[in-house]
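Text of upload-v1.cif, listed as mmCIF, C-alpha atoms:
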```
data_input
#
loop_
_atom_site.label_atom_id
_atom_site.label_comp_id
_atom_site.auth_asym_id
_atom_site.auth_seq_id
_atom_site.Cartn_x
_atom_site.Cartn_y
_atom_site.Cartn_z
CA VAL C 1 0.00 0.00 0.00
CA LYS C 2 1.35 3.38 -1.00
CA TYR C 3 2.63 5.52 1.93
CA VAL C 4 2.67 2.40 4.13
CA ASP C 5 4.88 -0.36 2.72
CA GLU C 6 7.90 1.86 2.18
CA PHE C 7 7.74 2.92 5.83
CA ARG C 8 7.73 -0.71 7.02
CA ASP C 9 10.85 -1.65 5.07
CA ALA C 10 12.88 -3.96 7.32
CA ALA C 11 16.23 -3.25 5.63
CA LEU C 12 15.72 0.49 5.98
CA GLY C 13 14.75 -0.06 9.62
CA ARG C 14 17.97 -1.95 10.30
CA THR C 15 20.01 0.79 8.59
CA LEU C 16 18.37 3.41 10.80
CA ALA C 17 18.96 1.26 13.89
CA ALA C 18 22.66 1.13 13.03
CA GLU C 19 22.75 4.92 12.56
CA ILE C 20 21.02 5.35 15.93
CA LEU C 21 23.67 3.17 17.55
CA GLY C 22 26.33 5.44 16.05
CA ALA C 23 24.57 8.63 17.10
CA VAL C 24 23.91 7.82 20.74
CA GLU C 25 26.35 9.01 23.35
CA PRO C 26 27.77 5.92 25.13
CA GLY C 27 27.07 5.76 28.83
CA ARG C 28 24.32 8.38 28.76
CA HIS C 29 20.82 7.06 29.46
CA LEU C 30 18.27 8.93 27.35
CA LYS C 31 14.53 9.02 27.90
CA ILE C 32 12.41 9.96 24.88
CA MET C 33 8.66 10.29 25.31
CA GLU C 34 6.34 9.31 22.49
CA VAL C 35 3.33 11.51 23.14
CA CYS C 36 0.77 9.73 21.03
CA GLY C 37 -0.93 6.41 21.75
CA GLY C 38 -0.65 5.54 18.06
CA HIS C 39 3.12 5.64 18.40
CA THR C 40 2.98 3.44 21.50
CA HIS C 41 0.93 0.90 19.58
CA SER C 42 3.38 0.86 16.64
CA ILE C 43 6.43 0.64 18.93
CA TYR C 44 5.14 -2.53 20.54
CA LYS C 45 3.54 -3.99 17.43
CA TYR C 46 6.72 -3.72 15.37
CA GLY C 47 9.22 -4.19 18.20
CA VAL C 48 10.79 -0.79 17.55
CA ASP C 49 12.21 -0.61 21.07
CA ASP C 50 14.05 -3.91 20.46
CA LEU C 51 16.04 -2.15 17.72
CA LEU C 52 17.20 0.64 20.03
CA PRO C 53 20.35 0.64 22.17
CA THR C 54 19.63 -0.20 25.82
CA ASN C 55 20.47 3.34 26.89
CA VAL C 56 17.74 4.84 24.67
CA GLU C 57 14.46 4.37 26.53
CA LEU C 58 11.06 5.15 25.05
CA VAL C 59 8.62 6.52 27.63
CA HIS C 60 4.92 6.37 26.88
CA GLY C 61 2.95 9.61 27.09
CA PRO C 62 -0.62 10.71 27.70
CA GLY C 63 -1.81 10.83 24.08
CA CYS C 64 -4.34 8.00 24.10
CA PRO C 65 -7.79 9.65 23.92
CA VAL C 66 -9.69 6.92 25.74
CA CYS C 67 -7.05 6.49 28.45
CA VAL C 68 -7.30 10.02 29.78
CA ILE C 69 -11.08 10.04 30.31
CA PRO C 70 -11.75 10.07 34.07
CA MET C 71 -14.27 7.73 35.66
CA GLY C 72 -16.67 10.55 36.53
CA ARG C 73 -17.15 11.44 32.85
CA VAL C 74 -17.92 7.80 32.03
CA ASP C 75 -20.55 7.87 34.79
CA ASP C 76 -21.98 11.06 33.25
CA GLY C 77 -22.21 9.33 29.85
CA ILE C 78 -23.99 6.34 31.38
CA ALA C 79 -26.43 8.66 33.15
CA ILE C 80 -27.29 10.29 29.81
CA ALA C 81 -27.65 6.87 28.16
CA ARG C 82 -30.18 5.86 30.82
CA GLU C 83 -32.41 8.89 30.14
CA PRO C 84 -35.72 7.83 28.55
CA GLY C 85 -35.74 8.08 24.76
CA VAL C 86 -31.98 8.61 24.43
CA ILE C 87 -29.71 6.87 21.94
CA LEU C 88 -26.13 7.36 23.13
CA THR C 89 -23.53 6.94 20.40
CA CYS C 90 -19.79 6.57 20.91
CA PHE C 91 -16.63 5.06 19.47
CA GLY C 92 -16.21 1.34 20.10
CA ASP C 93 -13.39 1.45 22.63
CA MET C 94 -15.24 4.03 24.74
CA MET C 95 -17.95 1.44 25.38
CA ARG C 96 -15.56 -0.67 27.46
CA VAL C 97 -14.08 2.07 29.66
CA PRO C 98 -15.01 1.40 33.28
CA GLY C 99 -16.86 4.03 35.29
CA SER C 100 -17.59 3.68 38.99
CA ASP C 101 -20.64 1.52 38.26
CA GLY C 102 -19.78 -0.38 35.10
CA THR C 103 -19.27 0.46 31.45
CA LEU C 104 -21.46 1.77 28.65
CA LEU C 105 -21.45 -1.76 27.27
CA GLU C 106 -22.90 -3.04 30.54
CA ALA C 107 -25.46 -0.22 30.54
CA LYS C 108 -26.43 -1.36 27.04
CA ALA C 109 -26.84 -4.95 28.31
CA GLU C 110 -29.12 -3.58 31.01
CA GLY C 111 -31.37 -1.92 28.44
CA ALA C 112 -29.85 1.48 27.60
CA ASP C 113 -29.68 2.21 23.87
CA VAL C 114 -25.92 2.61 23.37
CA ARG C 115 -24.64 2.32 19.80
CA MET C 116 -21.12 2.20 18.40
CA VAL C 117 -20.28 4.60 15.58
CA TYR C 118 -17.16 5.14 13.50
CA SER C 119 -17.64 8.89 13.18
CA PRO C 120 -19.85 11.62 14.60
CA LEU C 121 -21.46 11.87 11.15
CA ASP C 122 -22.81 8.34 11.72
CA ALA C 123 -24.44 9.61 14.92
CA LEU C 124 -26.02 12.48 12.99
CA ARG C 125 -27.39 10.01 10.43
CA ILE C 126 -29.02 8.06 13.29
CA ALA C 127 -30.59 11.31 14.54
CA LYS C 128 -32.02 11.98 11.08
CA SER C 129 -33.42 8.47 10.78
CA GLU C 130 -34.91 8.45 14.31
CA PRO C 131 -36.48 11.91 14.68
CA ASP C 132 -38.55 10.87 17.73
CA ARG C 133 -35.45 9.94 19.76
CA GLU C 134 -32.74 12.10 21.33
CA VAL C 135 -29.37 11.13 19.85
CA VAL C 136 -26.27 12.07 21.86
CA PHE C 137 -22.70 11.72 20.61
CA PHE C 138 -20.13 10.99 23.36
CA ALA C 139 -17.24 12.99 21.88
CA ILE C 140 -13.70 12.13 22.96
CA GLY C 141 -10.28 12.74 21.54
CA PHE C 142 -7.60 15.34 20.96
CA GLU C 143 -7.43 17.92 18.19
CA THR C 144 -7.35 15.05 15.68
CA THR C 145 -10.96 14.10 16.36
CA ALA C 146 -12.36 17.46 17.43
CA PRO C 147 -12.66 18.84 13.84
CA SER C 148 -14.88 15.91 12.89
CA THR C 149 -17.19 16.65 15.83
CA ALA C 150 -17.16 20.36 14.99
CA LEU C 151 -18.11 19.74 11.35
CA THR C 152 -20.92 17.42 12.44
CA LEU C 153 -22.33 20.03 14.82
CA LYS C 154 -22.18 22.63 12.05
CA ARG C 155 -24.10 20.26 9.78
CA ALA C 156 -26.68 19.57 12.50
CA LYS C 157 -27.23 23.29 12.98
CA ALA C 158 -27.36 24.04 9.26
CA GLU C 159 -29.85 21.24 8.63
CA GLY C 160 -31.98 22.17 11.67
CA ILE C 161 -31.62 18.75 13.34
CA THR C 162 -32.79 19.41 16.88
CA ASN C 163 -32.76 15.86 18.30
CA PHE C 164 -28.95 15.68 18.13
CA SER C 165 -26.54 16.80 20.82
CA CYS C 166 -22.93 16.31 21.89
CA PHE C 167 -21.47 15.28 25.25
CA CYS C 168 -18.13 16.96 24.72
CA ASN C 169 -14.98 15.46 26.24
CA HIS C 170 -12.47 16.75 23.70
CA VAL C 171 -9.08 17.68 25.10
CA THR C 172 -6.02 19.54 23.87
CA ILE C 173 -2.46 18.25 23.79
CA VAL C 174 -0.32 21.18 24.89
CA PRO C 175 -1.52 21.63 28.53
CA PRO C 176 -0.81 18.03 29.60
CA LEU C 177 2.63 18.18 27.96
CA ARG C 178 3.40 21.31 29.93
CA ALA C 179 2.11 19.61 33.09
CA LEU C 180 4.40 16.64 32.44
CA LEU C 181 7.38 18.88 31.82
CA ASP C 182 6.67 20.70 35.08
CA SER C 183 6.40 17.40 36.96
CA PRO C 184 9.32 16.57 39.24
CA ASP C 185 8.58 12.83 38.73
CA LEU C 186 9.94 12.70 35.23
CA ARG C 187 13.19 13.59 33.49
CA LEU C 188 12.89 13.53 29.73
CA ASP C 189 15.48 14.24 27.04
CA GLY C 190 13.23 14.66 24.01
CA PHE C 191 9.81 14.13 22.49
CA ILE C 192 8.45 12.16 19.56
CA GLY C 193 5.71 14.67 18.70
CA PRO C 194 2.11 13.72 17.94
CA GLY C 195 1.71 13.17 14.20
CA HIS C 196 -2.01 13.36 13.70
CA VAL C 197 -2.74 16.10 16.23
CA SER C 198 -0.09 18.13 14.44
CA THR C 199 -1.93 17.60 11.16
CA VAL C 200 -4.60 19.87 12.65
CA VAL C 201 -2.73 22.23 14.99
CA GLY C 202 0.59 22.19 13.12
CA ALA C 203 4.03 21.89 14.68
CA ARG C 204 4.22 25.49 15.90
CA PRO C 205 2.30 24.90 19.19
CA LEU C 206 5.08 22.48 20.22
CA GLU C 207 7.75 25.16 19.98
CA PHE C 208 7.37 25.91 23.71
CA ILE C 209 9.08 22.59 24.47
CA PRO C 210 12.51 23.57 23.08
CA ALA C 211 11.99 27.27 23.90
CA ASP C 212 10.88 26.94 27.54
CA TYR C 213 12.23 23.52 28.54
CA GLY C 214 15.22 22.98 26.27
CA LYS C 215 14.03 19.62 24.88
CA PRO C 216 14.07 18.62 21.21
CA VAL C 217 10.83 17.58 19.48
CA VAL C 218 10.39 15.63 16.26
CA VAL C 219 6.85 15.33 14.89
CA SER C 220 6.66 11.76 13.68
CA GLY C 221 4.69 9.42 11.47
CA PHE C 222 3.39 6.13 12.82
CA GLU C 223 5.18 3.45 10.84
CA PRO C 224 8.29 1.79 12.29
CA VAL C 225 10.67 3.55 9.87
CA ASP C 226 9.05 6.89 10.78
CA ILE C 227 9.62 6.30 14.49
CA LEU C 228 13.21 5.11 14.07
CA GLN C 229 14.01 8.10 11.87
CA SER C 230 12.46 10.41 14.47
CA VAL C 231 14.58 8.89 17.26
CA LEU C 232 17.65 9.41 15.08
CA MET C 233 16.68 13.05 14.44
CA ILE C 234 16.30 13.63 18.20
CA LEU C 235 19.69 12.03 18.89
CA ARG C 236 21.30 14.19 16.20
CA GLN C 237 19.81 17.32 17.78
CA LEU C 238 21.19 16.27 21.16
CA GLY C 239 24.57 15.38 19.68
CA GLU C 240 24.88 18.66 17.77
CA GLY C 241 23.63 20.76 20.67
CA ARG C 242 20.54 21.82 18.73
CA CYS C 243 17.10 22.09 20.29
CA GLU C 244 14.14 22.70 18.00
CA VAL C 245 10.91 21.32 16.55
CA GLU C 246 11.53 19.21 13.44
CA ASN C 247 8.92 17.64 11.21
CA GLN C 248 9.66 14.07 10.14
CA TYR C 249 6.03 13.58 8.99
CA LYS C 250 6.05 16.16 6.21
CA ARG C 251 4.03 13.95 3.89
CA VAL C 252 1.06 14.56 6.19
CA VAL C 253 1.79 17.43 8.59
CA PRO C 254 1.96 21.02 7.31
CA TYR C 255 3.98 23.08 9.81
CA GLU C 256 1.06 25.51 10.20
CA GLY C 257 -1.57 22.76 10.52
CA ASN C 258 -5.01 22.81 8.93
CA LEU C 259 -6.20 26.41 9.23
CA ARG C 260 -9.72 25.57 8.09
CA ALA C 261 -10.03 22.97 10.87
CA LEU C 262 -8.72 25.42 13.45
CA GLU C 263 -11.25 28.06 12.34
CA ILE C 264 -14.16 25.65 12.62
CA MET C 265 -12.99 24.39 16.02
CA ALA C 266 -12.72 27.99 17.26
CA GLU C 267 -16.30 28.62 16.15
CA VAL C 268 -17.82 25.46 17.66
CA PHE C 269 -15.76 24.96 20.82
CA ALA C 270 -14.56 27.03 23.76
CA LEU C 271 -11.93 26.18 26.35
CA ARG C 272 -13.14 24.97 29.73
CA PRO C 273 -11.45 26.69 32.70
CA HIS C 274 -10.19 23.27 33.78
CA PHE C 275 -10.77 19.61 32.93
CA GLU C 276 -9.96 16.42 34.79
CA TRP C 277 -7.52 13.96 33.22
CA ARG C 278 -7.17 10.44 34.46
CA GLY C 279 -3.96 10.20 36.41
CA LEU C 280 -3.00 13.81 35.78
CA GLY C 281 -5.74 15.52 37.79
CA PHE C 282 -7.28 18.85 36.80
CA ILE C 283 -5.39 20.76 34.13
CA SER C 284 -6.28 24.35 33.28
CA HIS C 285 -7.56 25.15 29.80
CA SER C 286 -7.09 21.58 28.62
CA GLY C 287 -10.66 20.58 27.76
CA LEU C 288 -13.19 21.81 25.22
CA ARG C 289 -16.90 22.53 25.65
CA LEU C 290 -19.40 23.70 23.05
CA SER C 291 -19.28 27.44 22.48
CA ASP C 292 -22.26 29.61 23.40
CA ALA C 293 -23.28 29.67 19.72
CA TYR C 294 -23.74 25.89 19.88
CA ALA C 295 -25.12 25.68 23.43
CA ASP C 296 -28.43 24.32 22.14
CA LEU C 297 -26.56 21.20 20.95
CA ASP C 298 -24.73 20.69 24.27
CA ALA C 299 -25.86 17.47 25.97
CA GLU C 300 -24.59 18.74 29.32
CA ARG C 301 -27.19 21.54 29.13
CA ARG C 302 -29.92 19.34 27.68
CA PHE C 303 -29.69 16.50 30.26
CA ALA C 304 -29.10 16.20 33.98
CA VAL C 305 -25.45 15.15 34.25
CA PRO C 306 -24.20 14.08 37.71
CA GLY C 307 -20.78 15.70 37.25
CA VAL C 308 -19.34 13.87 40.25
CA ARG C 309 -15.58 13.34 40.48
CA VAL C 310 -14.71 9.69 41.07
CA ALA C 311 -11.31 8.50 42.26
CA ASP C 312 -9.58 5.75 40.27
CA PRO C 313 -9.53 2.25 41.78
CA LYS C 314 -6.65 1.97 44.25
CA ALA C 315 -5.14 -1.02 42.46
CA CYS C 316 -5.00 0.83 39.12
CA GLN C 317 -1.79 2.67 38.24
CA CYS C 318 -2.95 4.14 34.93
CA GLY C 319 -1.98 7.58 36.16
CA GLU C 320 1.65 6.61 36.59
CA VAL C 321 1.62 4.78 33.23
CA LEU C 322 0.15 7.86 31.51
CA LYS C 323 2.85 10.05 33.01
CA GLY C 324 5.53 7.60 31.93
CA VAL C 325 6.62 7.11 35.54
CA ILE C 326 6.20 3.33 35.40
CA LYS C 327 6.08 0.80 32.57
CA PRO C 328 2.82 -1.10 32.03
CA TYR C 329 4.28 -4.34 33.36
CA GLU C 330 5.26 -2.58 36.60
CA CYS C 331 1.60 -2.00 37.51
CA LYS C 332 0.44 -4.32 40.30
CA VAL C 333 -2.59 -5.61 38.37
CA PHE C 334 -1.13 -5.73 34.84
CA GLY C 335 -1.96 -9.00 33.10
CA SER C 336 -3.53 -10.53 36.20
CA ALA C 337 -6.62 -8.68 37.45
CA CYS C 338 -6.39 -6.21 34.52
CA THR C 339 -6.45 -7.61 30.97
CA PRO C 340 -7.93 -6.35 27.67
CA GLU C 341 -10.87 -8.71 28.21
CA ARG C 342 -11.56 -7.39 31.73
CA PRO C 343 -9.81 -4.02 32.05
CA ILE C 344 -9.63 -2.19 35.37
CA GLY C 345 -7.89 0.85 33.95
CA THR C 346 -8.31 2.79 30.72
CA CYS C 347 -4.78 2.06 29.48
CA MET C 348 -5.82 -1.58 29.06
CA VAL C 349 -8.95 -0.71 27.04
CA SER C 350 -7.92 1.04 23.86
CA SER C 351 -5.46 -0.47 21.39
CA GLU C 352 -3.58 2.84 21.75
CA GLY C 353 -3.29 2.38 25.52
CA ALA C 354 0.21 1.53 26.65
CA CYS C 355 -0.98 -1.41 28.77
CA ALA C 356 -3.09 -2.95 25.99
CA ALA C 357 -0.30 -2.47 23.44
CA TYR C 358 2.21 -4.00 25.79
CA TYR C 359 -0.15 -6.85 26.73
CA ASN C 360 -0.85 -7.66 23.07
CA TYR C 361 2.72 -7.45 21.78
CA GLY C 362 5.49 -6.49 24.18
CA ARG C 363 4.88 -9.03 26.94
CA PHE C 364 6.03 -11.88 24.71
CA ALA C 365 9.48 -10.36 24.30
CA ARG C 366 9.65 -9.73 28.03
CA GLU C 367 8.58 -13.30 28.83
CA ARG C 368 11.47 -14.52 26.66
CA GLU C 369 13.86 -12.28 28.61
CA VAL C 370 12.57 -13.47 31.97
CA VAL C 371 12.78 -17.12 30.98
CA MET K 1 -7.74 6.60 1.76
CA LEU K 2 -7.92 6.86 -2.01
CA VAL K 3 -10.58 9.19 -3.43
CA LEU K 4 -12.83 7.43 -5.96
CA ALA K 5 -15.51 10.08 -6.52
CA VAL K 6 -16.41 13.49 -5.16
CA ASP K 7 -19.80 15.04 -4.31
CA GLU K 8 -18.82 18.70 -4.00
CA SER K 9 -22.35 19.89 -3.18
CA ARG K 10 -22.40 17.80 0.02
CA CYS K 11 -18.65 18.06 0.73
CA LEU K 12 -18.37 14.26 0.68
CA ALA K 13 -16.09 11.86 -1.16
CA LEU K 14 -16.37 8.14 -1.78
CA CYS K 15 -13.04 6.68 -0.69
CA GLU K 16 -11.34 3.29 -0.58
CA ASP K 17 -9.05 2.19 2.23
CA GLY K 18 -6.05 -0.13 2.09
CA THR K 19 -8.24 -3.23 2.47
CA GLY K 20 -10.51 -2.27 -0.44
CA ALA K 21 -13.41 -1.19 1.80
CA HIS K 22 -15.38 1.85 0.65
CA GLY K 23 -16.66 4.68 2.83
CA SER K 24 -18.09 8.17 2.68
CA VAL K 25 -15.67 10.84 3.89
CA GLU K 26 -16.25 14.47 4.89
CA ILE K 27 -13.89 16.63 2.78
CA ALA K 28 -14.77 20.14 3.98
CA LEU K 29 -11.35 20.61 5.59
CA VAL K 30 -9.30 19.62 2.53
CA ALA K 31 -11.47 20.59 -0.46
CA PRO K 32 -11.01 20.76 -3.35
CA VAL K 33 -10.04 17.13 -3.85
CA ALA K 34 -10.17 14.98 -6.96
CA ALA K 35 -10.43 11.30 -7.75
CA GLY K 36 -6.99 9.73 -7.32
CA ASP K 37 -5.97 11.90 -4.35
CA THR K 38 -4.88 10.18 -1.13
CA LEU K 39 -6.37 11.55 2.08
CA LEU K 40 -5.56 11.07 5.75
CA VAL K 41 -8.96 10.33 7.27
CA HIS K 42 -9.79 10.35 10.97
CA ALA K 43 -13.25 9.61 12.38
CA GLY K 44 -14.81 9.99 8.94
CA THR K 45 -13.22 13.36 8.21
CA ALA K 46 -10.29 14.02 5.90
CA LEU K 47 -7.63 16.05 7.72
CA THR K 48 -5.04 16.41 5.01
CA ARG K 49 -4.08 15.38 1.50
CA LEU K 50 -0.90 13.34 1.34
CA GLN K 51 1.93 14.89 -0.63
CA ASP K 52 4.07 12.78 -2.91
CA ALA K 53 6.81 15.36 -3.07
CA VAL K 54 7.69 15.04 0.59
CA ALA K 55 6.54 11.48 1.30
#
```

Entire entry expressed as structure tokens:
Amino acid sequence: VKYVDEFRDAALGRTLAAEILGAVEPGRHLKIMEVCGGHTHSIYKYGVDDLLPTNVELVHGPGCPVCVIPMGRVDDGIAIAREPGVILTCFGDMMRVPGSDGTLLEAKAEGADVRMVYSPLDALRIAKSEPDREVVFFAIGFETTAPSTALTLKRAKAEGITNFSCFCNHVTIVPPLRALLDSPDLRLDGFIGPGHVSTVVGARPLEFIPADYGKPVVVSGFEPVDILQSVLMILRQLGEGRCEVENQYKRVVPYEGNLRALEIMAEVFALRPHFEWRGLGFISHSGLRLSDAYADLDAERRFAVPGVRVADPKACQCGEVLKGVIKPYECKVFGSACTPERPIGTCMVSSEGACAAYYNYGRFAREREVV
Amino acid sequence: MLVLAVDESRCLALCEDGTGAHGSVEIALVAPVAAGDTLLVHAGTALTRLQDAVA
């Protein structure tokens, strides 16, 4: 497949691995955070970390949309789903995220009308075909997904569809990165920047990382060759004493982003004063709500939403995994009480979650090491 | 995804993914597009058109 096969070329991967070995400073342990859950998935799926020298460590970041949703917001979604006449629509992995009293999938089994969709436009189609029902879209995701929600809300307004609304849980990538960089728990040497978020926001919003914190950033594609090349670019910056934002993913990411998407998002959304992130707590100006112009399509205004903060289960260490403080396999319940089939924490739910990715791919390599 | 046909009036394109599956994609953020273009699609919406020159 064009744009895919050439970036999975094993020979090219080995060449890059050899160049990385030559570029890394011996004896210096480097920690590079991949921000995006898509990168985490690829790293484990293709064994990218096995190709790196032992003193280059990849640390998994908070960029998995499902993983950062706190339990209280899941409870709010379930409460909306249980309202009479409501069809609650959401992406498939969101259905399995545990709240304090079960998941949306369990609520569906108990009689709530919860339906999986692939895009918010699918939810709008359901609203058009079921005009006597209230259709709510449970919106999650970073700036990659937010434009799709925004366009759908614009369509709903333009077409006068009044039985459609949005339970908005969109978040933005820069505030949690700043929170991580301010955290005393973590020492990082560089960042593999989020490829698809940058398609929308561009690479410029990441410039604060080299400017304010002195760390290099390389916006990266998601194939194994992309990630290896990005690691090499970070090592070269470190070796040459440079510190800047570079764009490895130029075939997709314009440095200025998608201005049309940013305009539409600015029209449809407004920043919340603060928003809770699983494991990271409340972060200022990190979550989106519907703007006043779209308030009539805001499910939080249309329905009674509990809005209660719920602490994570004590056994779950998703917070530390999301901050890169521990590896998935270091969590007390990883692979025993918490598996993809019966997840306790969000990181085990989505394929982009570090725990699920590690469970599905990485644990086999580790089992070989242990044996 | 590969663009097969475009409905400009509705800002939609019929696209084919790598497995041969077809789907309707919102193209308001990347229009104008033409049959034969390759789009990066997320949650049913095209976010960018892939560029051969820098691929």

Using all atoms listed in the file and a distance of at most 9 Å, pull out the residues of chain C that contact chain K, as an mmCIF file with C-alpha atoms, in the frame of the given file.
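Output file selection-v6.cif is given in full below:
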```cif
data_model
loop_
_atom_site.group_PDB
_atom_site.id
_atom_site.type_symbol
_atom_site.label_atom_id
_atom_site.label_comp_id
_atom_site.auth_asym_id
_atom_site.auth_seq_id
_atom_site.Cartn_x
_atom_site.Cartn_y
_atom_site.Cartn_z
ATOM 1 C CA VAL C 1 0.000 0.000 0.000
ATOM 2 C CA LYS C 2 1.350 3.380 -1.000
ATOM 3 C CA TYR C 3 2.630 5.520 1.930
ATOM 4 C CA TYR C 118 -17.160 5.140 13.500
ATOM 5 C CA SER C 119 -17.640 8.890 13.180
ATOM 6 C CA PRO C 120 -19.850 11.620 14.600
ATOM 7 C CA LEU C 121 -21.460 11.870 11.150
ATOM 8 C CA ASP C 122 -22.810 8.340 11.720
ATOM 9 C CA THR C 144 -7.350 15.050 15.680
ATOM 10 C CA THR C 145 -10.960 14.100 16.360
ATOM 11 C CA PRO C 147 -12.660 18.840 13.840
ATOM 12 C CA SER C 148 -14.880 15.910 12.890
ATOM 13 C CA THR C 149 -17.190 16.650 15.830
ATOM 14 C CA LEU C 151 -18.110 19.740 11.350
ATOM 15 C CA HIS C 196 -2.010 13.360 13.700
ATOM 16 C CA THR C 199 -1.930 17.600 11.160
ATOM 17 C CA VAL C 200 -4.600 19.870 12.650
ATOM 18 C CA TYR C 249 6.030 13.580 8.990
ATOM 19 C CA LYS C 250 6.050 16.160 6.210
ATOM 20 C CA ARG C 251 4.030 13.950 3.890
ATOM 21 C CA VAL C 252 1.060 14.560 6.190
ATOM 22 C CA VAL C 253 1.790 17.430 8.590
ATOM 23 C CA PRO C 254 1.960 21.020 7.310
ATOM 24 C CA ASN C 258 -5.010 22.810 8.930
ATOM 25 C CA LEU C 259 -6.200 26.410 9.230
ATOM 26 C CA ARG C 260 -9.720 25.570 8.090
ATOM 27 C CA ALA C 261 -10.030 22.970 10.870
#
```

- Item | Of the listed residues C:Val308, C:Val48, C:Leu235, C:Val217, that which approaches Ile20 (chain C) most closely, counting all atoms listed in the file |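 Using all atoms listed in the file, Ile20 (chain C) sits closest to C:Leu235.
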
- region 88-102 of chain C: which residues within 9 Å, counting only C-alpha atoms, same-chain residues fewer than 2 positions away excluded, as a PyMOL selection string? chain C and resi 66-67+69-78+80-82+86+104-107+112-120+122-123+134-140+310-313+342-346+349-351

- Message: As an exercise, work out the distance from CA of Tyr329 (chain C) to CA of Arg28 (chain C) in Å and give it to one decimal place.
- Response: 24.2 Å

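Minimum atom-to-atom distances from C:Thr40, C:Ser220, C:Gln237, C:Thr15 to Val321 (chain C) were compared using all atoms listed in the file, and the lowest value belongs to C:Thr40.
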
- For the file shown, report as a PyMOL selection string the outcome of the PyMOL selection byres ((chain C and resi 155) around 12) at residue level. (chain C and resi 120-121+123-125+128+148-154+156-162+164-165+264+268+294+297) or (chain K and resi 10-11+26+28)

The selected residues should be written to file as a PDB file, keeping the file's coordinate frame (atoms: C-alpha atoms).
```pdb
ATOM      1  CA  PRO C 120     -19.850  11.620  14.600  1.00  0.00           C
ATOM      2  CA  LEU C 121     -21.460  11.870  11.150  1.00  0.00           C
ATOM      3  CA  ALA C 123     -24.440   9.610  14.920  1.00  0.00           C
ATOM      4  CA  LEU C 124     -26.020  12.480  12.990  1.00  0.00           C
ATOM      5  CA  ARG C 125     -27.390  10.010  10.430  1.00  0.00           C
ATOM      6  CA  LYS C 128     -32.020  11.980  11.080  1.00  0.00           C
ATOM      7  CA  SER C 148     -14.880  15.910  12.890  1.00  0.00           C
ATOM      8  CA  THR C 149     -17.190  16.650  15.830  1.00  0.00           C
ATOM      9  CA  ALA C 150     -17.160  20.360  14.990  1.00  0.00           C
ATOM     10  CA  LEU C 151     -18.110  19.740  11.350  1.00  0.00           C
ATOM     11  CA  THR C 152     -20.920  17.420  12.440  1.00  0.00           C
ATOM     12  CA  LEU C 153     -22.330  20.030  14.820  1.00  0.00           C
ATOM     13  CA  LYS C 154     -22.180  22.630  12.050  1.00  0.00           C
ATOM     14  CA  ALA C 156     -26.680  19.570  12.500  1.00  0.00           C
ATOM     15  CA  LYS C 157     -27.230  23.290  12.980  1.00  0.00           C
ATOM     16  CA  ALA C 158     -27.360  24.040   9.260  1.00  0.00           C
ATOM     17  CA  GLU C 159     -29.850  21.240   8.630  1.00  0.00           C
ATOM     18  CA  GLY C 160     -31.980  22.170  11.670  1.00  0.00           C
ATOM     19  CA  ILE C 161     -31.620  18.750  13.340  1.00  0.00           C
ATOM     20  CA  THR C 162     -32.790  19.410  16.880  1.00  0.00           C
ATOM     21  CA  PHE C 164     -28.950  15.680  18.130  1.00  0.00           C
ATOM     22  CA  SER C 165     -26.540  16.800  20.820  1.00  0.00           C
ATOM     23  CA  ILE C 264     -14.160  25.650  12.620  1.00  0.00           C
ATOM     24  CA  VAL C 268     -17.820  25.460  17.660  1.00  0.00           C
ATOM     25  CA  TYR C 294     -23.740  25.890  19.880  1.00  0.00           C
ATOM     26  CA  LEU C 297     -26.560  21.200  20.950  1.00  0.00           C
TER      27      LEU C 297
ATOM     28  CA  ARG K  10     -22.400  17.800   0.020  1.00  0.00           C
ATOM     29  CA  CYS K  11     -18.650  18.060   0.730  1.00  0.00           C
ATOM     30  CA  GLU K  26     -16.250  14.470   4.890  1.00  0.00           C
ATOM     31  CA  ALA K  28     -14.770  20.140   3.980  1.00  0.00           C
TER      32      ALA K  28
END
```

- Item | Distance in Å - CA of Glu207 (chain C) versus CA of Ala354 (chain C) |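 We find that CA of Glu207 (chain C) and CA of Ala354 (chain C) lie 25.7 Å from each other.
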
Take the PyMOL selection byres ((chain C and resi 27) around 12), run it mentally on this structure, and tell me the resulting residues as a CSV table (one decimal) with C-alpha atoms, in the coordinates of the input.
```csv
chain,number,residue,atom,x,y,z
C,24,VAL,CA,23.9,7.8,20.7
C,25,GLU,CA,26.4,9.0,23.4
C,26,PRO,CA,27.8,5.9,25.1
C,28,ARG,CA,24.3,8.4,28.8
C,29,HIS,CA,20.8,7.1,29.5
C,30,LEU,CA,18.3,8.9,27.4
C,53,PRO,CA,20.4,0.6,22.2
C,54,THR,CA,19.6,-0.2,25.8
C,55,ASN,CA,20.5,3.3,26.9
C,56,VAL,CA,17.7,4.8,24.7
```

- Message: Please report the interatomic distance between CA of Glu320 (chain C) and CA of Pro205 (chain C) in Å with one decimal.
- Response: 25.3 Å

- Task: Starting from the shown file, work through the PyMOL selection byres ((chain K and resi 6) around 12) and note down what comes out as a count of residues only.
- Result: 26
